[in-house]
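Undergrad: Structure incoming, see below.
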Amino acid sequence: MSETKVENGKITEYMGKRVFDFMRWRKLAAALSIAMVVASITALAMNGLQFGLDFTGGTQIEVAYEQAPNVESVRDQLDLAGFEGASAVRFGSDNEILIKLPPEVAEAQTQISARDEKASQTIGDKVVEVLRQNSDGAVELRRVEMVGPQVGEELRDDGGLGMLFALAVVMAYVALRFQYKFSFGAVTALAHDVIIVLGFFALFKLDFDLTVLAAVLAVIGYSLNDTIVVADRIRENFRKVRKASTEEIINISISQTLGRTFMTSFTTLLVLWALQFFGGELIHNFSLALIVGVVVGTYSSIYVAANVLMFLKITKEDMMPPVKEGAELEEMP
Amino acid sequence: MNRYPLWKYLLILAVAALGFLYAAPNLYAPDPAVQISGQSSAMTVGQGVLERAQKALDDAGIAYFGGEVQDKAVLLRLKSIEEQLPAKRAIQEALGHSEYVVALNLASTTPDWLANMGASPMKLGLDLAGGVHFLMEVDTNTIVKTNMEGYAQDVKAKLRAAKARYRSVELVDEREIVARFRSEELRDLAVSTMRKEFPQLQLTESGSGDNLIVRATLSDQEVKQLEDYAVTQNLTTLRNRVNELGVAEPIVQRQGRNRIVVELPGVQDTAEAKRIIGKTANLEFRMEARPDTLVTNKEYFEYRDERQRQMYGGAWLERKVIIKGDRVTDARVGYDESGFPQVNITLDSRGGELMHRATWKNVGRRMGTLFIESRFVPQARTDEQGNEVIVQQRTDDKKIISLATVQSALGRQFRITGLDSPAEAQELALLLRAGALAAPMYFVEERVIGPSLGADNIEVGVTSVQIGLLAVVICMLLFYRVFGLAANLALLVNMILLVAVMSIIGATLTLPGIAGIVLTVGMAVDANVLIFSRIREELRNGMSPQMAISAGFDNAYSTIVDANITTLIVAVILYAIGSGPVQGFAVTLSIGILTSMFSAIMGTRALINLFYGGRRVQKLWI
């Protein structure tokens with residue numbers, strides 16, 4: 001049987017499988033990617049990331065009422081009690097309220113030196129006391145988180161460094177396992193995904209906390225996974241398919257892995273939806289970041305990584321295995 | 001073809017079975033329990049205590065079962081979790097507060113034969129179990145400053161003694177002692193004196209004419225030692241205090257250069273926790289009362305040590321306190337010239353002055369050291385509305401730990417001799433140190449998770465794992481039929497292995513950790529998807545079914561390894577930079593990747609081989 005089917009000078013079928021002409025749209029895709037990245041960076045520059053408590057420091061108190069309270073009045077109660085700049089929002093259900101206090105309040109609280117025994121009442125207790133006095137039913141303290149500003153700053157630095165370090169290590173691994181052009185492709189795709197996820201969070205002013213940072217790093221892992229599967233196939237096809245242009249090889253490879261790409265993205269999205277709908281408020285943004293990341297990651301493994309390979313003019317010679325001499329002999333006509 | 005040798009099947013079966021065994025303890029819900037242990041670690045708690053505790057519960061009408069005497073503690077299981085607090089109170093009242101700590105605990109219900117194999121359930125993180133988390137920063141600058149102040153005083157004294165007349169000696173920037181001299185000779189004399197007396201100080205000379213300067217600083221190494229000492233000392237003190245709280249499995253750990261993490265699972269009363277963690281000054285130095293001292297000016301205290309108490313009972317001490325424990329900066333065991341043990345005590349500069357003032361006219365009298373243990377005793381009170389509320393009542397328990405004759409006027413550094421054994425000296429030094437924090441601490445992070453939120457988190461976590469798993473299983477069945485079934489079985493084995501490995505290595509499960517498990521479910525099938533789509537491809541290329549299976553597995557292998565290793569790298573970095581919950585995510589993700597490689601490649605292959613291998617196959621249900 002014939003290996004390839006050619007129409008209008010392009011391979012349209014390879015090994016009995018339809019080959020989609022992905023690279024035909026590559027300029028459009030590049031424009032789209034650049035537009036999204038620019039939009040993300042703009043959003044980041046305009047809005048900045050709404051860093052969560054982990055990074056800014058401050059205090060968060062989650063309380064549960066018996067009946068749904070009036071959020072406005074909760075805010076007023078706190079204001080009257082001297083907690084200036086307190087914010088209150090519903091959290092999860094109608095009965096639960098999340099109160100945020102600015103870092104200065106937390107700062108005052110942390111100055112409890114070891115020699116002071118009186119200041120032992122925690123800020124959470126104080127807030128709940130105020131709320132209880134103003135409420136008919138019981139008010140339950142669900143969670144208190146107080147983070148000093150200096151801790152937050154350190155976490156922010158560590159997080160940023162970690163992300164850069166992850167990208168660098170991954171780049172080195174891909175360069176070692178494949179070839180440096182692939183590692184440019186992979187890292188461009190990863191940076192693309194990370195920037196868009198961050199941009200998404202900036203655009204919609206979503207809280208960016210430690211779990212979201214974890215999600216962003218997981219996106220790096222996931223998107224890389226996808227990119228490598230495609231890259232692996234491109235490498236294989238460069239060695240196997242004869243008489244095909246780089247563009248055709250890339251088209252063939254993406255077409256071959258397309259089923260797998262969609263299937264894996266789909267199962268991953270399934271579990272992420274489960275997490276988002278049933279996983280509770282605390283990991284809501286975590287799953288959201290991953291969902292955005294998986295969608296963008298799937299797109300970028302098709303269009304961004306391969307696009308960079310085209311741009312760098314990857315050739316068959318780049319893909320010759322350096323040590324395996326037998327393989328070259330086999331390919332002799 | 002496509003047949004595994006028997007040993008491979010057996011190996012996979014054995015791994016799965018072992019995984020199941022070690023994951024099994026997680027299926028047994030723990031019993032609520034109370035745990036009774038001694039105040040000091042040397043105390044053993046035995047059958048007698050158990051019987052007294054059981055009687056207390058009988059009297060209070062609280063149902064219990066399965067009392068057991070463990071290594072150093074006694075465990076009593078309760079029928080319901082609501083009765084934990086009343087039970088704790090009843091037992092604590094019956095046993096008294098001075099000798100025993102009663103803590104809430106969860107007793108494992110793992111069957112003995114499993115426990116004997118070393119199997120135990122996963123630990124739950126604070127976000128699932130409820131409890132408090134504190135991160136404290138030790139203010140190490142203070143200890144350096146205190147030390148330098150002391151040196152400045154000592155330098156003055158030694159220079160005076162050596163007749164190296166100085167214009168001034170002062171502390172600059174809390175870290176540097178600057179001494180000024182009028183002439184070269186005086187400065188040289190001062191330098192040689194300081195070299196001899198304070199080898200730990202680094203000296204630099206400068207200045208000219210009649211303004212000659214010697215600057216003395218501590219070496220970086222010395223500063224680091226001081227800081228280390230402060231942090232370790234605070235750590236020890238915190239451990240002692242946390243033990244007072246009666247928490248079943250507290251964590252008190254150093255984190256980084258100058259931070260300490262305290263995690264108290266199950267603790268709800270944060271105010272109490274903070275009060276106990278943050279308290280100090282539980283040492284007092286007082287002179288022994290003269291026989292003619294008025295009763296209003298003296299107090300009688302017992303010895304803390306049981307042997308001494310039996311021999312001497314106690315002693316009358318003056319009411320006036322010379323100094324308190326917060327002036328003690330160090331207390332270490334040492335040996336005198338003839339090899340007898342002693343305890344060397346260092347005070348801060350103000351403490352030294354006070355001590356000197358109190359002792360220089362009292363040589364020959366005895367000075368007593370009191371050790372004060374504060375306990376918070378819950379007491380029932382009735383508030384204005386007539387409700388019964390529990391109030392934590394603080395009681396101070398003061399006992400003598402040392403009563404020694406003052407041999408000469410004491411200063412910043414002195415020693416207690418006449419101790420019987422090195423062990424006694426060790427104990428005394430520990431007690432002297434336990435009183436005070438070496439440096440002040442600040443709470444830089446505080447997290448409290450209520451028990452209801454913890455329970456909710458477990459519930460949402462379990463629900464999302466179940467739903468995610470179900471969705472993926474259905475999806476795989478629809479897409480790959482028989483092969484999907486094999487992948488689903490492998491996925492199940494993967495989950496069991498993941499839980500087993502986490503239980504074995506004692507990893508802590510957190511909410512992000514559960515998210516990691518869910519993500520693993522989604523990604524673990526990726527290996528199978530890769531293999532199966534490859535098999536389909538090979539079939540389309542016209543390969544025979546058996547050939548296609550074999551080629552599919554072989555060709556997908558390197559891709560799977562590459563993809564997983566990179567994800568693993570990211571997970572490891574995540575672990576390294578993350579803290580608490582994020583590390584939980586990284587741990588489950590990495591373990592999930594490793595177990596999925598085993599189950600998805602070997603496990604699925606075994607099942608497929610078992611089903612299709614070694615027979616004529618016309619069509620694959622894929």
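Numbering starts fresh at 1 for the residues of each chain in the structure tokens, the chains themselves are lettered A, B, ... in the order given, and ligands are numbered from 1 as they appear.
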I'd like a table as a Markdown table: residues in chain B with an atom no more than 6 Å from chain A, each row giving the shortest atom pair and its distance in Å to one decimal, only C-alpha atoms counted, sorted by chain and rising residue number.
TA:
```
| residue | atom | partner | partner_atom | distance |
| --- | --- | --- | --- | --- |
| B:Ala271 | CA | A:Gln121 | CA | 4.9 |
| B:Lys274 | CA | A:Ser120 | CA | 5.7 |
| B:Arg275 | CA | A:Ser120 | CA | 5.2 |
| B:Gly278 | CA | A:Ala114 | CA | 5.0 |
| B:Lys279 | CA | A:Glu117 | CA | 5.9 |
| B:Pro440 | CA | A:Ala114 | CA | 5.1 |
| B:Met441 | CA | A:Ala114 | CA | 5.6 |
| B:Tyr442 | CA | A:Thr110 | CA | 5.7 |
| B:Phe443 | CA | A:Thr110 | CA | 5.1 |
| B:Val444 | CA | A:Gly148 | CA | 4.5 |
| B:Glu445 | CA | A:Val147 | CA | 4.2 |
| B:Glu446 | CA | A:Met146 | CA | 4.7 |
| B:Arg447 | CA | A:Glu145 | CA | 4.2 |
| B:Val448 | CA | A:Val144 | CA | 4.7 |
| B:Ile449 | CA | A:Arg143 | CA | 4.5 |
| B:Gly450 | CA | A:Arg142 | CA | 4.7 |
| B:Leu453 | CA | A:Arg142 | CA | 5.8 |
| B:Val460 | CA | A:Gly279 | CA | 5.0 |
| B:Gly461 | CA | A:Gly279 | CA | 5.7 |
| B:Ser464 | CA | A:Leu275 | CA | 5.3 |
| B:Gly468 | CA | A:Val271 | CA | 4.2 |
| B:Val472 | CA | A:Thr267 | CA | 5.7 |
| B:Gly522 | CA | A:Thr268 | CA | 4.2 |
| B:Asp526 | CA | A:Thr264 | CA | 5.4 |
| B:Val529 | CA | A:Arg260 | CA | 6.0 |
| B:Leu530 | CA | A:Arg260 | CA | 5.9 |
| B:Asn541 | CA | A:Met15 | CA | 5.6 |
| B:Thr559 | CA | A:Val229 | CA | 5.9 |
| B:Ala563 | CA | A:Asn225 | CA | 4.5 |
| B:Thr567 | CA | A:Gly221 | CA | 4.4 |
| B:Val570 | CA | A:Gly221 | CA | 5.8 |
```
Undergrad: Extract, using only C-alpha atoms, all DNA, RNA and protein residues at most 12 Å from Gly19 (chain B), discarding same-chain residues fewer than 3 positions from it, and format them as a ChimeraX atom specification.
TA: /B:12-16,22-26,119,492-504,595,599
Undergrad: Dump C-alpha atoms for the selected residues as a compact mmCIF listing (two decimals), in the first residue's frame?
TA:
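The result, stored in result_8.txt:
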```txt
# COMPACT_ATOMS: atom_id res chain seq x y z
CA ILE B 12 2.29 -7.34 39.40
CA LEU B 13 -0.23 -9.23 41.49
CA ALA B 14 2.08 -9.12 44.50
CA VAL B 15 2.67 -5.36 44.15
CA ALA B 16 -1.06 -4.73 43.83
CA TYR B 22 -0.76 -0.94 53.07
CA ALA B 23 -3.59 1.25 51.79
CA ALA B 24 -6.15 -0.69 53.83
CA PRO B 25 -5.62 1.11 57.18
CA ASN B 26 -7.12 4.21 55.61
CA ALA B 119 0.81 -0.42 57.98
CA LEU B 492 -7.79 1.66 40.29
CA VAL B 493 -4.53 -0.12 41.12
CA ASN B 494 -2.77 3.21 40.66
CA MET B 495 -5.02 4.89 43.21
CA ILE B 496 -4.42 2.07 45.69
CA LEU B 497 -0.66 2.21 45.16
CA LEU B 498 -0.67 5.99 45.53
CA VAL B 499 -2.49 5.79 48.86
CA ALA B 500 -0.26 2.91 49.96
CA VAL B 501 2.98 4.75 49.19
CA MET B 502 1.74 7.87 50.94
CA SER B 503 0.83 5.82 54.01
CA ILE B 504 4.15 4.00 54.04
CA THR B 595 2.85 4.75 40.45
CA SER B 599 0.29 0.55 36.64
```
Undergrad: Taking only region 228-314 of chain B into account, list the residues labelled helix (DSSP H, G or I) by DSSP (computed from the backbone), as a ChimeraX atom specification.
TA: /B:228-245,270-277,295-297,306-312
Undergrad: Could those selected residues go to a file with C-alpha atoms, as a CSV table (one decimal), in the first residue's frame?
TA:
```csv
chain,number,residue,atom,x,y,z
B,228,ASP,CA,21.6,29.2,66.5
B,229,TYR,CA,21.7,29.0,70.2
B,230,ALA,CA,18.8,31.4,70.5
B,231,VAL,CA,16.7,29.5,68.0
B,232,THR,CA,17.5,26.1,69.5
B,233,GLN,CA,16.8,27.4,73.0
B,234,ASN,CA,13.5,28.9,72.0
B,235,LEU,CA,12.6,25.6,70.2
B,236,THR,CA,13.3,23.7,73.4
B,237,THR,CA,11.3,26.1,75.5
B,238,LEU,CA,8.4,25.9,73.0
B,239,ARG,CA,8.4,22.1,73.1
B,240,ASN,CA,8.1,22.2,76.9
B,241,ARG,CA,5.3,24.6,76.7
B,242,VAL,CA,3.4,22.8,74.0
B,243,ASN,CA,3.6,19.7,76.1
B,244,GLU,CA,1.7,21.6,78.7
B,245,LEU,CA,-1.1,22.1,76.2
B,270,THR,CA,-6.1,29.5,70.0
B,271,ALA,CA,-6.1,32.1,72.7
B,272,GLU,CA,-5.0,29.5,75.2
B,273,ALA,CA,-2.4,28.1,72.8
B,274,LYS,CA,-1.0,31.5,72.2
B,275,ARG,CA,-0.9,32.4,75.8
B,276,ILE,CA,1.0,29.3,76.8
B,277,ILE,CA,3.4,29.6,73.8
B,295,VAL,CA,6.6,35.9,108.3
B,296,THR,CA,5.1,38.5,106.1
B,297,ASN,CA,8.4,38.8,104.3
B,306,GLU,CA,11.3,14.2,95.0
B,307,ARG,CA,14.5,12.9,96.8
B,308,GLN,CA,15.4,16.3,98.1
B,309,ARG,CA,11.8,16.9,99.1
B,310,GLN,CA,11.9,13.8,101.2
B,311,MET,CA,15.2,14.7,102.8
B,312,TYR,CA,14.7,18.4,103.5
```
Undergrad: In Å, with one decimal, what is the gap from CA of His192 (chain A) to CA of Leu589 (chain B)?
TA: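 Between CA of His192 (chain A) and CA of Leu589 (chain B) the gap is 23.1 Å.
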Undergrad: Measuring between only C-alpha atoms, which one of B:Leu620, B:Ile251, B:Gln426, B:Leu403 shows the shortest distance to Ala331 (chain B)?
TA: B:Gln426
Undergrad: Report as CSV: every residue of region 87-198 of chain A with an atom at most 8 Å from region 36-46 of chain A, its closest pair of atoms, and their distance in Å to one decimal, counting only C-alpha atoms, with rows sorted by chain and ascending residue number.
TA:
```
residue,atom,partner,partner_atom,distance
A:His192,CA,A:Val37,CA,6.6
A:Ile195,CA,A:Ser40,CA,6.5
A:Ile196,CA,A:Ser40,CA,5.6
A:Leu198,CA,A:Ser40,CA,7.2
```
Undergrad: Any idea what the distance is between CA of Ser550 (chain B) and CA of Thr246 (chain A)?
TA: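 Value for the CA of Ser550 (chain B)-CA of Thr246 (chain A) distance: 29.3 Å.
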